[in-house]
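Enquirer: Supplied in structure tokens, the structure appears directly below.
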Protein chains: 2
Amino acid sequence: MPEFTDSVWTRPARPRTGQPTLSREQIVRAAIELLDAEGAAGLSMRRLGARLGSGATSLYWHVANKDDLLELAVDQVMGEIYVPEPGDTPWRVGVSVMADGMRAMLLRHTWVIGLLGVRPTIGPNVMRMGDRSVALLSAAGFTGPVLSHVHSLITAHVIGAATTEAAVAAAVHRSGQSAAEIRERLEPFLEETAGDYPEYARWRQESGVTEMDPEQVWDQSFAFGLERILDGLELWRVNHIGDTSAAQSGG
Amino acid sequence: MPEFTDSVWTRPARPRTGQPTLSREQIVRAAIELLDAEGAAGLSMRRLGARLGSGATSLYWHVANKDDLLELAVDQVMGEIYVPEPGDTPWRVGVSVMADGMRAMLLRHTWVIGLLGVRPTIGPNVMRMGDRSVALLSAAGFTGPVLSHVHSLITAHVIGAATTEAAVAAAVHRSGQSAAEIRERLEPFLEETAGDYPEYARWRQESGVTEMDPEQVWDQSFAFGLERILDGLELWRVNHIGDTSAAQSGG
DNA sequence: AAGTGACTCGCACAGTGTTCGAGTCCACTG
DNA sequence: CAGTGGACTCGAACACTGTGCGAGTCACTT
């Protein structure tokens, strides 16, 4: 029975002495490249070994198993997220920068999304990100459990938005068609079922959403949501902290 | 090359004449049971066939492939979400009921979470849910692209929150330990690295979060986020619609 | 009685993650 | 310098996966 406390991060790394041809960092990097290029289904230990010019089973010396490798890969790309220092900017800007950066990362590495619900990551990069987030939100005046709630709220928005966006993007990519082609092809199907979903059909027609650039819609949707969240948080701040000075400078 | 428009939903169902021992509904139901009991990794066509007392390849008569089966399963459980009629309650309550229901569903069927980012679902239950959401949000005064943004915002919060919660729950379940045991075992590891993450360590100590019931914290975190989102939306409503009468009754 | 189409299913194939044990090479000790 | 131990590589093998194919069974129509 595996234990939660027995993960890549709590186990000591194997000591390195010789000059081996393979290294853990190299393997993780190659895995990320493969995942970016071909998605989660494209990564197999044999293919990864081949890409590195070594046998598939050699990898198991450096990595306990595939799950561990994926966990390492997730933590690695988490390190790409930039969390601003508190005090540099108003807290809303700081949080927005973090959220935008996280969203961009998830859309660069869409395979991460499917892994986030499987197992929590406590790797160094994630920890470092958490540490900096605490600094940012502390400076904004959030403390105690609420600080954690705020952090969860922001990350949940990013993850949720990226999830649906990635799903559509994956389908578009798989189909090999442009978004416009797909819309055109899907149209008759939607027309046909319009009678079953009258409210939706009405909105679809009168909203003009069919004429818009999908990519822009995603961006707008994400930005709109983030602004509403920040508005809501600001309101809470005013009511529960009453001190707006922290909005400008840290501490 | 598969096409986006060639999915389970756009293809006509096979006509049924005889009295077969297997049915699509039965297969989907059994698949959901298996997924609930053992997670995504526990579902294989062979095991599913065995559970239904039939050969594994027999399933392929009723279902094109495993991906299609999963899509059917996702849509099925999406049907468990209750979206209130507009007019029954203030819009905030209506939205909260939908969000709570969706969260509960995702936590009942955590395997769904890992599939949401893989491929968009346009099954009947999802469509029906969309239709009713449009009705709810229209009655609240949201129109055009903003209505879609609001819907995305709510669902993103639910999905994002459920994602991290499910990840932890899965790890706890796998470990076979209680949350308290895990915390106790993880403690030395966190102590050890506390020096590297000073802000986090400070917050952890002074927030008292270690003494709380994890399940309650999840609930509180989700509710806190939802309230902030609804506050932010309310603010937007007041500024951009200026009509608060729609808050009480539909239309 | 023959035929047709719905449906079931065993076999086979290519591919997966992972274990095991044999093999290679280097750094160090005696 | 011989030898030993450990770091590291890797081929073979095992149990498993999704799925195509073709043969088989049955109910019903003509």
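In the structure tokens, each chain is lettered A, B, ... as it comes, each chain's residues begin at 1, and ligands are numbered from 1 in order of appearance.
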Select, as a list in words, those residues of chain D with any atom no more than 10 Å from chain B (distances computed using only C-alpha atoms (C1' of nucleotides)).
Expert: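 The answer, sorted by residue number, is DC16, DT17, DG18, DT19, DC26, DA27 and DC28 of chain D.
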Enquirer: List every residue of range 43-219 of chain A that DSSP, applied to the backbone of this structure, assigns to alpha helix (DSSP H), and report them as a ChimeraX atom specification.
Expert: /A:45-51,59-62,66-78,91-108,111-116,124-139,144-175,179-193,198-207,214-219
Enquirer: Could the residues of chain C within 9 Å of chain A, counting only C-alpha atoms (C1' of nucleotides), be given as a list in words, please?
Expert: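 Residues satisfying the distance criterion: DT16, DG17, DT18, DC26 and DA27 of chain C.
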Enquirer: Can you spit out the residues from that selection as a PDB file, in the first residue's frame, using C-alpha atoms (C1' of nucleotides)?
Expert:
```
ATOM      1  C1'  DT C  16       1.771  -0.367 -22.421  1.00  0.00           C
ATOM      2  C1'  DG C  17       4.345  -0.088 -17.403  1.00  0.00           C
ATOM      3  C1'  DT C  18       7.379  -2.539 -14.824  1.00  0.00           C
ATOM      4  C1'  DC C  26      34.486   3.528 -13.169  1.00  0.00           C
ATOM      5  C1'  DA C  27      36.446   4.821  -8.540  1.00  0.00           C
TER       6       DA C  27
END
```
Enquirer: May I have a table of the residues of chain B lying at most 6 Å from chain A, giving each one's closest pair of atoms and their distance in Å to one decimal, counting only C-alpha atoms, ordered by chain and ascending residue number, as CSV?
Expert:
```
residue,atom,partner,partner_atom,distance
B:Pro2,CA,A:Ser175,CA,5.5
B:Glu3,CA,A:Ser175,CA,4.3
B:Phe4,CA,A:Ser175,CA,5.2
B:Gly114,CA,A:Gly114,CA,4.9
B:Gly117,CA,A:Ala167,CA,4.5
B:Val118,CA,A:Ala167,CA,4.8
B:Arg119,CA,A:Ala167,CA,4.4
B:Pro120,CA,A:Ala167,CA,5.2
B:Asp131,CA,A:Tyr200,CA,4.6
B:Val134,CA,A:Tyr200,CA,6.0
B:Ala135,CA,A:Glu199,CA,5.9
B:Gly144,CA,A:Ser207,CA,4.0
B:His149,CA,A:Ser221,CA,4.9
B:Leu153,CA,A:Gly225,CA,5.4
B:Ala156,CA,A:Gly160,CA,3.8
B:His157,CA,A:His157,CA,5.2
B:Ile159,CA,A:Gly160,CA,5.0
B:Gly160,CA,A:Ala156,CA,3.8
B:Ala161,CA,A:Ala156,CA,5.1
B:Thr163,CA,A:Gly117,CA,4.5
B:Thr164,CA,A:Gly117,CA,5.8
B:Ala166,CA,A:Gly117,CA,5.7
B:Ala167,CA,A:Arg119,CA,4.4
B:Val168,CA,A:Pro120,CA,5.6
B:Ala171,CA,A:Arg119,CA,5.9
B:Ser175,CA,A:Glu3,CA,4.4
B:Tyr197,CA,A:Asp131,CA,5.5
B:Glu199,CA,A:Asp131,CA,5.4
B:Tyr200,CA,A:Asp131,CA,4.7
B:Ser207,CA,A:Gly144,CA,4.0
B:Ser221,CA,A:His149,CA,4.9
B:Gly225,CA,A:Leu153,CA,5.4
B:Arg228,CA,A:Gly232,CA,4.4
B:Ile229,CA,A:Ile229,CA,5.1
B:Asp231,CA,A:Gly232,CA,5.1
B:Gly232,CA,A:Gly232,CA,4.2
B:Leu233,CA,A:Arg228,CA,5.9
```
